[in-house]
$ cat upload07.cif   # mmCIF, C-alpha atoms and all ligand atoms
data_data
#
loop_
_atom_site.label_atom_id
_atom_site.label_comp_id
_atom_site.auth_asym_id
_atom_site.auth_seq_id
_atom_site.Cartn_x
_atom_site.Cartn_y
_atom_site.Cartn_z
CA MET A 5 64.23 -86.44 -34.26
CA ASN A 6 62.74 -87.47 -30.91
CA ASP A 7 63.16 -85.39 -27.75
CA LEU A 8 65.61 -87.77 -26.11
CA PHE A 9 68.94 -86.21 -26.94
CA VAL A 10 71.54 -83.98 -25.28
CA GLN A 11 72.71 -80.72 -26.80
CA THR A 12 74.31 -78.97 -23.83
CA PHE A 13 77.09 -80.90 -22.16
CA LEU A 14 78.04 -79.53 -18.79
CA LEU A 15 81.50 -80.81 -17.84
CA LYS A 16 82.50 -80.65 -14.18
CA VAL A 17 86.18 -79.99 -14.75
CA ALA A 18 86.84 -79.10 -11.09
CA ALA A 19 84.90 -80.54 -8.16
CA ARG A 20 86.27 -78.07 -5.62
CA CYS A 21 85.97 -74.32 -5.19
CA ASN A 22 88.36 -71.59 -4.07
CA ILE A 23 85.66 -69.62 -2.24
CA ASP A 24 83.11 -70.56 0.42
CA CYS A 25 79.62 -69.27 -0.48
CA ASP A 26 77.20 -70.22 2.30
CA TYR A 27 74.32 -71.11 -0.07
CA CYS A 28 76.38 -73.24 -2.47
CA TYR A 29 74.38 -76.27 -3.65
CA GLU A 30 77.57 -78.12 -4.58
CA TYR A 31 79.08 -78.20 -1.09
CA LYS A 32 76.80 -76.71 1.55
CA LEU A 33 73.38 -78.25 1.02
CA ALA A 34 71.93 -81.78 1.02
CA ASP A 35 74.12 -83.67 -1.45
CA GLN A 36 77.69 -84.36 -0.33
CA SER A 37 78.82 -86.55 -3.24
CA TRP A 38 81.66 -84.11 -4.03
CA ARG A 39 83.62 -85.63 -1.13
CA SER A 40 84.23 -88.83 -3.10
CA LYS A 41 84.92 -87.18 -6.47
CA PRO A 42 88.35 -86.34 -7.91
CA SER A 43 89.05 -82.64 -7.38
CA ARG A 44 89.87 -82.18 -11.10
CA MET A 45 88.70 -83.98 -14.22
CA PRO A 46 91.69 -86.00 -15.52
CA ILE A 47 92.36 -85.25 -19.19
CA GLN A 48 91.79 -88.93 -20.03
CA VAL A 49 88.23 -88.65 -18.64
CA LEU A 50 87.69 -85.63 -20.84
CA PHE A 51 88.96 -87.54 -23.90
CA LYS A 52 86.56 -90.43 -23.17
CA THR A 53 83.70 -87.95 -22.67
CA ILE A 54 84.38 -86.37 -26.05
CA LYS A 55 84.32 -89.81 -27.66
CA ARG A 56 80.82 -90.31 -26.17
CA ILE A 57 79.74 -86.85 -27.27
CA LYS A 58 80.94 -87.60 -30.81
CA GLU A 59 78.98 -90.85 -30.84
CA HIS A 60 75.91 -88.94 -29.63
CA ILE A 61 76.25 -86.17 -32.23
CA LEU A 62 76.53 -88.69 -35.05
CA SER A 63 73.67 -90.91 -33.94
CA HIS A 64 71.31 -87.92 -33.47
CA GLU A 65 72.66 -85.94 -36.45
CA LEU A 66 73.17 -82.84 -34.30
CA LYS A 67 74.37 -79.75 -36.15
CA GLY A 68 75.42 -77.76 -33.09
CA ILE A 69 76.18 -78.36 -29.42
CA SER A 70 77.34 -76.39 -26.38
CA ILE A 71 80.07 -77.50 -24.03
CA ILE A 72 80.02 -75.71 -20.69
CA PHE A 73 83.02 -75.96 -18.38
CA HIS A 74 81.71 -75.94 -14.83
CA GLY A 75 82.67 -76.68 -11.25
CA GLY A 76 83.18 -75.96 -8.35
CA GLU A 77 85.39 -73.34 -9.88
CA PRO A 78 86.36 -74.39 -13.43
CA LEU A 79 89.45 -72.17 -13.59
CA LEU A 80 90.99 -74.45 -10.94
CA ALA A 81 91.43 -77.00 -13.76
CA GLY A 82 94.32 -74.83 -14.97
CA LYS A 83 95.36 -73.22 -18.23
CA ASP A 84 97.05 -76.33 -19.63
CA PHE A 85 93.85 -78.33 -19.16
CA PHE A 86 91.78 -75.83 -21.15
CA GLU A 87 94.40 -75.53 -23.86
CA GLN A 88 94.49 -79.32 -24.27
CA ALA A 89 90.73 -79.80 -23.87
CA VAL A 90 89.60 -77.20 -26.39
CA THR A 91 92.23 -78.22 -28.94
CA HIS A 92 91.14 -81.86 -28.61
CA ILE A 93 87.43 -81.08 -28.83
CA ASN A 94 87.85 -78.89 -31.90
CA GLY A 95 89.97 -81.57 -33.57
CA GLU A 96 87.40 -84.27 -32.86
CA LEU A 97 84.11 -82.47 -33.47
CA SER A 98 84.26 -79.15 -35.25
CA SER A 99 84.56 -80.52 -38.81
CA PHE A 100 80.96 -81.79 -38.70
CA CYS A 101 79.29 -79.95 -35.83
CA GLU A 102 79.32 -76.37 -34.56
CA VAL A 103 80.71 -76.36 -31.02
CA LYS A 104 80.16 -73.41 -28.69
CA PHE A 105 82.17 -73.21 -25.49
CA GLY A 106 81.09 -71.56 -22.28
CA MET A 107 82.10 -71.45 -18.65
CA GLN A 108 80.61 -70.28 -15.35
CA SER A 109 83.21 -68.89 -12.94
CA ASN A 110 83.29 -67.03 -9.63
CA GLY A 111 85.82 -64.71 -11.29
CA VAL A 112 88.31 -64.68 -8.42
CA LEU A 113 91.20 -66.09 -10.50
CA LEU A 114 90.31 -64.31 -13.72
CA ASP A 115 93.12 -61.97 -14.78
CA ALA A 116 94.21 -60.60 -18.16
CA GLU A 117 96.26 -63.72 -18.89
CA TRP A 118 93.23 -65.96 -18.35
CA ALA A 119 91.00 -63.63 -20.34
CA ASN A 120 93.44 -63.71 -23.27
CA LEU A 121 93.61 -67.50 -23.18
CA LEU A 122 89.81 -67.84 -23.12
CA LEU A 123 89.56 -65.32 -25.96
CA ARG A 124 92.03 -67.28 -28.07
CA LEU A 125 90.18 -70.54 -27.32
CA LYS A 126 86.79 -68.84 -27.87
CA VAL A 127 85.43 -69.90 -24.48
CA GLY A 128 82.66 -67.58 -23.27
CA ILE A 129 82.74 -66.82 -19.56
CA GLY A 130 79.91 -65.88 -17.22
CA ILE A 131 80.66 -64.49 -13.75
CA SER A 132 78.73 -65.25 -10.58
CA ILE A 133 78.31 -62.20 -8.36
CA ASP A 134 75.41 -61.04 -6.22
CA GLY A 135 75.90 -57.33 -6.88
CA TYR A 136 77.67 -54.49 -5.11
CA LYS A 137 80.01 -55.23 -2.19
CA GLN A 138 77.48 -55.18 0.64
CA LEU A 139 75.20 -57.65 -1.15
CA ASN A 140 77.96 -59.92 -2.43
CA ASP A 141 79.53 -60.10 1.05
CA GLU A 142 76.28 -61.48 2.49
CA HIS A 143 76.97 -64.93 1.06
CA ARG A 144 80.08 -65.01 -1.13
CA LEU A 145 83.11 -64.91 1.18
CA ASP A 146 86.39 -66.82 0.93
CA TYR A 147 87.56 -69.56 3.32
CA ARG A 148 89.04 -66.97 5.69
CA GLY A 149 85.77 -65.09 5.83
CA ASN A 150 87.13 -62.24 3.70
CA SER A 151 85.28 -60.46 0.95
CA THR A 152 85.75 -61.82 -2.57
CA PHE A 153 84.26 -58.67 -4.05
CA PRO A 154 87.42 -56.71 -4.99
CA ARG A 155 88.82 -59.65 -6.99
CA VAL A 156 85.53 -60.35 -8.77
CA GLU A 157 84.95 -56.69 -9.55
CA ALA A 158 88.45 -56.56 -11.05
CA ALA A 159 87.53 -59.54 -13.27
CA MET A 160 84.33 -57.79 -14.36
CA LYS A 161 86.33 -54.71 -15.32
CA ILE A 162 88.70 -56.81 -17.42
CA LEU A 163 85.84 -58.53 -19.22
CA SER A 164 84.02 -55.25 -19.85
CA GLN A 165 86.87 -54.11 -22.12
CA PRO A 166 85.83 -54.13 -25.80
CA GLN A 167 88.40 -56.74 -26.88
CA TYR A 168 86.64 -59.35 -24.71
CA SER A 169 83.12 -58.75 -25.98
CA GLU A 170 83.20 -62.06 -27.86
CA ILE A 171 83.66 -64.08 -24.65
CA ARG A 172 81.78 -61.89 -22.16
CA GLY A 173 78.89 -64.07 -20.99
CA GLY A 174 76.98 -62.06 -18.39
CA PHE A 175 76.31 -62.54 -14.71
CA LEU A 176 74.59 -65.02 -12.42
CA THR A 177 73.08 -63.31 -9.40
CA VAL A 178 71.14 -64.89 -6.56
CA ILE A 179 68.20 -62.70 -5.53
CA GLN A 180 68.24 -61.17 -2.06
CA PRO A 181 64.66 -59.97 -1.67
CA GLU A 182 65.48 -57.53 1.13
CA SER A 183 67.72 -55.59 -1.28
CA ASN A 184 66.75 -52.71 -3.52
CA PRO A 185 66.44 -54.10 -7.08
CA ILE A 186 66.76 -50.67 -8.68
CA LYS A 187 70.02 -49.88 -6.90
CA LEU A 188 71.28 -53.30 -7.93
CA LEU A 189 70.39 -52.88 -11.59
CA GLU A 190 71.99 -49.43 -11.65
CA TRP A 191 75.17 -50.94 -10.21
CA PHE A 192 75.30 -53.59 -12.95
CA ARG A 193 74.70 -50.92 -15.55
CA LYS A 194 78.18 -49.48 -15.14
CA PHE A 195 79.62 -52.62 -16.74
CA GLY A 196 77.89 -51.74 -20.00
CA LYS A 197 75.87 -53.92 -22.31
CA THR A 198 75.37 -57.23 -20.54
CA GLN A 199 73.00 -59.99 -19.53
CA ILE A 200 72.00 -60.93 -16.00
CA ASP A 201 70.45 -64.15 -14.80
CA PHE A 202 68.68 -63.34 -11.52
CA LEU A 203 68.24 -66.65 -9.74
CA LEU A 204 65.71 -67.68 -7.14
CA PRO A 205 67.65 -69.25 -4.23
CA HIS A 206 67.49 -73.03 -4.07
CA TYR A 207 64.76 -73.48 -1.49
CA ASN A 208 62.12 -76.20 -1.71
CA HIS A 209 59.20 -77.63 0.29
CA GLN A 210 61.58 -79.11 2.85
CA ARG A 211 64.05 -76.24 3.16
CA LYS A 212 61.78 -73.25 2.84
CA PRO A 213 62.62 -69.61 2.15
CA PRO A 214 62.83 -67.29 5.19
CA SER A 215 59.29 -66.77 6.50
CA ALA A 216 59.00 -63.18 5.31
CA TYR A 217 59.35 -64.42 1.76
CA ASP A 218 57.78 -67.86 1.68
CA ALA A 219 54.65 -68.80 -0.20
CA VAL A 220 52.50 -68.84 2.94
CA HIS A 221 53.37 -65.36 4.07
CA GLY A 222 53.46 -63.71 0.70
CA TYR A 223 55.42 -63.48 -2.47
CA GLY A 224 58.44 -61.38 -1.61
CA TYR A 225 60.50 -62.68 -4.53
CA GLY A 226 57.64 -61.99 -6.93
CA LEU A 227 57.32 -58.44 -5.62
CA TRP A 228 61.07 -57.87 -5.89
CA LEU A 229 61.11 -59.13 -9.46
CA ALA A 230 58.04 -57.10 -10.42
CA GLN A 231 59.71 -53.95 -9.08
CA LEU A 232 62.81 -54.78 -11.07
CA PHE A 233 60.72 -55.43 -14.18
CA ASP A 234 58.95 -52.05 -13.93
CA TYR A 235 62.21 -50.17 -13.64
CA TRP A 236 63.90 -52.19 -16.37
CA TRP A 237 61.04 -51.80 -18.79
CA ASN A 238 59.96 -48.24 -18.07
CA ASN A 239 63.49 -46.87 -18.20
CA ASP A 240 64.22 -48.61 -21.46
CA ILE A 241 67.41 -50.20 -20.25
CA HIS A 242 67.30 -53.04 -22.68
CA GLU A 243 71.00 -52.97 -23.27
CA ILE A 244 70.82 -55.17 -20.17
CA LYS A 245 69.18 -58.48 -20.96
CA ILE A 246 67.47 -60.02 -17.95
CA ARG A 247 66.98 -63.68 -18.60
CA ILE A 248 64.05 -64.40 -16.27
CA PHE A 249 61.97 -61.64 -17.93
CA GLU A 250 62.98 -62.46 -21.47
CA ASP A 251 62.38 -66.18 -20.96
CA LEU A 252 58.96 -65.63 -19.41
CA MET A 253 57.91 -63.11 -22.07
CA HIS A 254 59.15 -65.41 -24.80
CA LEU A 255 57.01 -68.23 -23.40
CA MET A 256 54.02 -65.94 -22.83
CA ILE A 257 53.99 -64.86 -26.47
CA GLY A 258 54.04 -68.49 -27.57
CA GLY A 259 57.78 -69.11 -27.95
CA ARG A 260 59.06 -72.65 -27.66
CA TYR A 261 62.79 -72.52 -27.12
CA ALA A 262 64.04 -74.66 -24.26
CA VAL A 263 64.18 -72.68 -21.03
CA GLU A 264 66.05 -74.21 -18.12
CA SER A 265 63.78 -72.98 -15.34
CA PHE A 266 60.39 -72.40 -16.98
CA GLY A 267 58.07 -73.55 -19.74
CA LEU A 268 57.28 -76.99 -21.06
CA SER A 269 59.84 -77.50 -23.81
CA PRO A 270 62.33 -80.30 -23.21
CA VAL A 271 65.69 -79.47 -21.64
CA HIS A 272 68.52 -81.22 -23.50
CA LEU A 273 71.24 -81.02 -20.88
CA ALA A 274 73.52 -83.58 -19.26
CA VAL A 275 76.17 -83.21 -16.57
CA ILE A 276 79.41 -85.19 -16.54
CA GLN A 277 81.23 -85.31 -13.21
CA THR A 278 85.04 -85.21 -12.78
CA ASP A 279 85.15 -89.03 -12.56
CA GLY A 280 83.05 -89.47 -15.70
CA GLU A 281 79.74 -90.20 -13.97
CA TYR A 282 76.61 -88.91 -15.68
CA GLU A 283 74.57 -86.75 -13.32
CA ALA A 284 71.21 -84.99 -13.31
CA VAL A 285 71.26 -81.18 -13.26
CA ASP A 286 73.60 -80.06 -10.48
CA SER A 287 71.21 -77.68 -8.67
CA LEU A 288 69.28 -80.81 -7.57
CA LYS A 289 72.07 -81.22 -5.02
CA SER A 290 70.04 -78.76 -2.96
CA THR A 291 67.28 -81.37 -2.47
CA TYR A 292 68.63 -84.63 -0.98
CA ASP A 293 71.87 -86.57 -0.80
CA GLY A 294 72.31 -88.65 -3.95
CA ALA A 295 69.74 -86.70 -5.98
CA VAL A 296 71.99 -86.24 -9.01
CA SER A 297 73.52 -89.73 -9.11
CA THR A 298 72.76 -91.98 -12.07
CA SER A 299 75.32 -94.72 -11.37
CA LYS A 300 76.09 -94.55 -15.10
CA ASN A 301 79.41 -93.43 -16.50
CA ILE A 302 81.07 -92.52 -19.76
CA SER A 303 83.18 -95.72 -19.86
CA ASP A 304 80.24 -98.12 -19.79
CA HIS A 305 77.25 -96.10 -20.96
CA SER A 306 76.22 -93.86 -23.81
CA PHE A 307 74.31 -90.59 -23.45
CA ASP A 308 71.21 -92.39 -24.70
CA ASP A 309 71.41 -94.70 -21.66
CA ILE A 310 70.83 -91.87 -19.18
CA PHE A 311 67.24 -91.27 -20.33
CA SER A 312 66.12 -94.20 -18.21
CA GLU A 313 66.78 -91.94 -15.18
CA TYR A 314 63.63 -90.21 -13.90
CA LEU A 315 65.25 -86.83 -13.16
CA ILE A 316 66.67 -86.65 -16.67
CA LEU A 317 63.68 -88.07 -18.51
CA SER A 318 61.24 -85.85 -16.59
CA ARG A 319 62.95 -82.76 -18.02
CA THR A 320 62.27 -83.89 -21.58
CA ALA A 321 58.61 -84.66 -20.89
CA LYS A 322 57.92 -81.77 -18.58
CA PHE A 323 54.12 -81.50 -18.72
CA GLU A 324 53.48 -85.22 -18.11
CA ASN A 325 55.64 -85.06 -14.99
CA LEU A 326 53.95 -82.06 -13.37
CA PRO A 327 51.51 -82.28 -10.46
CA GLU A 328 47.81 -81.97 -11.27
CA LYS A 329 47.65 -78.43 -9.86
CA CYS A 330 50.23 -77.27 -12.41
CA ARG A 331 48.74 -79.23 -15.32
CA GLU A 332 45.46 -77.44 -14.72
CA CYS A 333 47.01 -74.02 -14.12
CA ARG A 334 46.33 -71.24 -16.63
CA LEU A 335 49.98 -70.12 -16.42
CA VAL A 336 51.62 -73.48 -17.00
CA LYS A 337 52.93 -72.75 -20.51
CA ALA A 338 55.04 -69.92 -19.11
CA CYS A 339 55.75 -71.18 -15.61
CA GLY A 340 56.12 -74.89 -16.36
CA GLY A 341 55.72 -75.64 -12.65
CA GLY A 342 58.94 -73.74 -11.91
CA TYR A 343 62.51 -75.01 -11.67
CA ILE A 344 62.69 -78.67 -10.68
CA PRO A 345 64.86 -78.34 -7.52
CA HIS A 346 62.31 -75.89 -6.09
CA ARG A 347 59.54 -78.50 -6.44
CA TYR A 348 61.11 -81.00 -4.05
CA HIS A 349 59.07 -82.22 -1.09
CA PRO A 350 60.38 -84.85 1.38
CA VAL A 351 57.18 -86.93 1.02
CA PHE A 352 55.86 -86.13 -2.45
CA GLY A 353 59.21 -85.89 -4.20
CA PHE A 354 59.01 -83.61 -7.24
CA ASN A 355 55.26 -84.01 -7.63
CA MET A 356 54.64 -80.50 -6.32
CA PRO A 357 54.43 -76.97 -7.74
CA THR A 358 57.54 -74.91 -7.10
CA ILE A 359 57.90 -73.40 -3.62
CA TYR A 360 57.85 -70.08 -5.55
CA CYS A 361 54.38 -70.74 -7.04
CA GLN A 362 52.84 -67.59 -5.50
CA ASP A 363 55.83 -65.49 -6.54
CA LEU A 364 55.59 -66.72 -10.12
CA ILE A 365 51.83 -66.21 -10.30
CA PHE A 366 52.37 -62.64 -9.14
CA LEU A 367 55.26 -61.99 -11.53
CA ILE A 368 53.69 -63.60 -14.61
CA LYS A 369 50.41 -61.75 -14.10
CA HIS A 370 52.38 -58.55 -13.62
CA ILE A 371 54.24 -59.01 -16.92
CA GLU A 372 50.99 -60.08 -18.56
CA LYS A 373 49.58 -56.60 -17.89
CA TYR A 374 52.33 -55.14 -20.08
CA LEU A 375 51.73 -57.71 -22.78
CA LEU A 376 48.01 -57.01 -22.82
CA LEU A 377 48.40 -53.24 -22.68
CA ASP A 378 48.30 -52.75 -26.42
CA GLU A 379 49.30 -54.31 -29.69
CA LYS A 380 52.22 -51.91 -30.15
CA ILE A 381 53.92 -53.03 -26.96
CA ARG A 382 53.28 -56.65 -27.86
CA THR A 383 54.90 -56.19 -31.28
CA GLN A 384 57.80 -54.36 -29.65
CA LEU A 385 58.28 -57.27 -27.30
CA VAL A 386 58.24 -59.85 -30.06
CA GLU A 387 60.87 -57.85 -31.95
CA HIS A 388 62.93 -57.29 -28.83
CA ILE A 389 62.89 -60.87 -27.60
CA GLY A 390 63.00 -62.62 -30.95
CA SER A 391 62.95 -66.36 -31.01
CA THR A 392 66.39 -67.21 -29.74
CA PRO A 393 67.49 -67.88 -26.18
CA THR A 394 69.38 -65.26 -24.21
CA GLY A 395 72.17 -67.80 -23.96
CA ILE A 396 73.04 -67.55 -20.27
CA SER A 397 73.39 -70.80 -18.43
CA SER A 398 71.50 -70.80 -15.12
CA VAL A 399 73.07 -74.03 -14.00
S1 LIG B 1 53.91 -73.60 -10.05
FE1 LIG B 1 52.05 -72.46 -9.64
S2 LIG B 1 52.02 -70.88 -11.27
FE2 LIG B 1 53.44 -72.46 -11.91
S3 LIG B 1 52.24 -73.86 -13.19
FE3 LIG B 1 52.25 -74.69 -11.09
S4 LIG B 1 50.39 -73.90 -10.15
FE4 LIG B 1 50.81 -72.62 -11.99
#

$ encode --input "upload07.cif" --output "structure tokens"
Amino acid sequence: MNDLFVQTFLLKVAARCNIDCDYCYEYKLADQSWRSKPSRMPIQVLFKTIKRIKEHILSHELKGISIIFHGGEPLLAGKDFFEQAVTHINGELSSFCEVKFGMQSNGVLLDAEWANLLLRLKVGIGISIDGYKQLNDEHRLDYRGNSTFPRVEAAMKILSQPQYSEIRGGFLTVIQPESNPIKLLEWFRKFGKTQIDFLLPHYNHQRKPPSAYDAVHGYGYGLWLAQLFDYWWNNDIHEIKIRIFEDLMHLMIGGRYAVESFGLSPVHLAVIQTDGEYEAVDSLKSTYDGAVSTSKNISDHSFDDIFSEYLILSRTAKFENLPEKCRECRLVKACGGGYIPHRYHPVFGFNMPTIYCQDLIFLIKHIEKYLLLDEKIRTQLVEHIGSTPTGISSV
């Protein structure tokens, strides 16, 4: 099997959101393509997409795939849509291919009725939240400027009940480097065994991080993450899986599973917009207007056709598409040049190391000290991390 195939299909089932986060790459940054897209994916577009996915599975002899319902806010697609969509997908695909369903939601609409539906349909759900109220209110308000925190916290409490363990998918949290990482981790801890994907904000070489944290003035994000790592590791709180640490450690001990933001293994992901257009990974909307467009769609093109697009192909041949500085870097197998949207430069395009290069050097070397400490810790790490992904989608 060559590397040019898709295994994670990210379906934009709603191209609008019910809250108004100020850092949202879908609506608030460079790309404004959402304005011309249907607000919901019509069920006929979903049916056509599944036909293409089926064709792709058969031609590449795939044994398992993931379908991620995404937005905007995917719950805006409505309960009937999910009922119809999942029933159709299972009918079309599950006799010859294992299909896992996931979703990334802001949690505002999630109540017990939704949770029960998702449980019955076996759709895992991850919640986006930046932490306790004060932190979450920094960026994640609704359209009236009110806090979304109480509604999201209520959703987290529902999902933390034992009957939902099968669909509980963890949290996406954007790092605020001025916050206290220990206080934040302790807050998450009250929701029990979980996984957290701490995300670096979508800055790049054009739109740089605030000066106190940029690569010229220091490595504030790296320091924040190193502090979090120390507390997480030294207090043995491994009932909380932290994706950025587990991914980096996995790569540092020679692992090869595909990691969205790091490493050199190919990423087998495609995005399908509400109108059926194929797009490059959605976080690229933070770079420039039109960055994700392929001008190819599910009516006229197969998934194989999208590999002629640079921003899709470059994620399957990561090393060859890195700048010289990264190709020669000692840390490249773990870092992989960083996440592609963070490499964008208005003149040099993506031929740059991530804007977080200094942060990642600091963090990787910090973790490396633990790995080198002694053989026992190394063995412990290998056992702890294993060889399978943590399974949280960072997209
Ligand atoms: S981004 Fe920096 S740390 Fe990462 S591979 Fe490139 S040069 Fe090395």

$ residues_around --input "upload07.cif" --residues "region 305-312 of chain A" --least-positions-apart "3" --cutoff "12 Å" --atoms "only C-alpha atoms" --output "MDAnalysis selection string"
chainID A and resid 6:13 52:64 271:276 280:284 296:302 315:321

$ atom_distance --input "upload07.cif" --atom1 "CA of Gln108 (chain A)" --atom2 "CA of Leu367 (chain A)"
26.9 Å

$ closest_residue --input "upload07.cif" --among "A:Ser269, A:Leu188, A:Tyr374, A:Pro166" --to "Asp234 (chain A)" --atoms "all atoms listed in the file"
A:Tyr374

$ closest_residue --input "upload07.cif" --among "A:Tyr235, A:Phe354, A:Phe85, A:Tyr314" --to "ligand LIG 1 (chain B)" --atoms "all atoms listed in the file"
A:Phe354

$ closest_residue --input "upload07.cif" --among "A:Asn355, A:Ser169, A:Gln362, A:Asn140" --to "Asp26 (chain A)" --atoms "only C-alpha atoms"
A:Asn140

$ residues_around --input "upload07.cif" --residues "Arg334 (chain A)" --least-positions-apart "6" --cutoff "12 Å" --atoms "all atoms listed in the file" --output "mmCIF file with C-alpha atoms, keeping the file's coordinate frame"
data_model
loop_
_atom_site.group_PDB
_atom_site.id
_atom_site.type_symbol
_atom_site.label_atom_id
_atom_site.label_comp_id
_atom_site.auth_asym_id
_atom_site.auth_seq_id
_atom_site.Cartn_x
_atom_site.Cartn_y
_atom_site.Cartn_z
ATOM 1 C CA MET A 256 54.020 -65.940 -22.830
ATOM 2 C CA GLY A 340 56.120 -74.890 -16.360
ATOM 3 C CA GLY A 341 55.720 -75.640 -12.650
ATOM 4 C CA ILE A 365 51.830 -66.210 -10.300
ATOM 5 C CA ILE A 368 53.690 -63.600 -14.610
ATOM 6 C CA LYS A 369 50.410 -61.750 -14.100
#

$ atom_distance --input "upload07.cif" --atom1 "CA of Leu15 (chain A)" --atom2 "CA of Phe73 (chain A)"
5.1 Å

$ residues_near_ligand --input "upload07.cif" --ligand "ligand LIG 1 (chain B)" --cutoff "9 Å" --atoms "only C-alpha atoms and all ligand atoms" --output "PyMOL selection string"
chain A and resi 266-267+326-343+347+356-366+368

$ closest_residue --input "upload07.cif" --among "A:Phe86, A:Phe51, A:Tyr207, A:Phe202" --to "Tyr27 (chain A)" --atoms "all atoms listed in the file"
A:Tyr207

$ atom_distance --input "upload07.cif" --atom1 "CA of Asp35 (chain A)" --atom2 "CA of Asp279 (chain A)"
16.5 Å

$ axis_aligned_box --input "upload07.cif" --around "region 159-178 of chain A" --padding-each-side "4 Å" --output "lines of an AutoDock Vina configuration file"
center_x = 79.9
center_y = -59.6
center_z = -17.2
size_x = 25.6
size_y = 18.9
size_z = 29.3

$ residues_around --input "upload07.cif" --residues "Glu87 (chain A)" --least-positions-apart "4" --cutoff "8 Å" --atoms "all atoms listed in the file" --output "JSON, numbers by chain"
{"A": [83, 91, 125]}
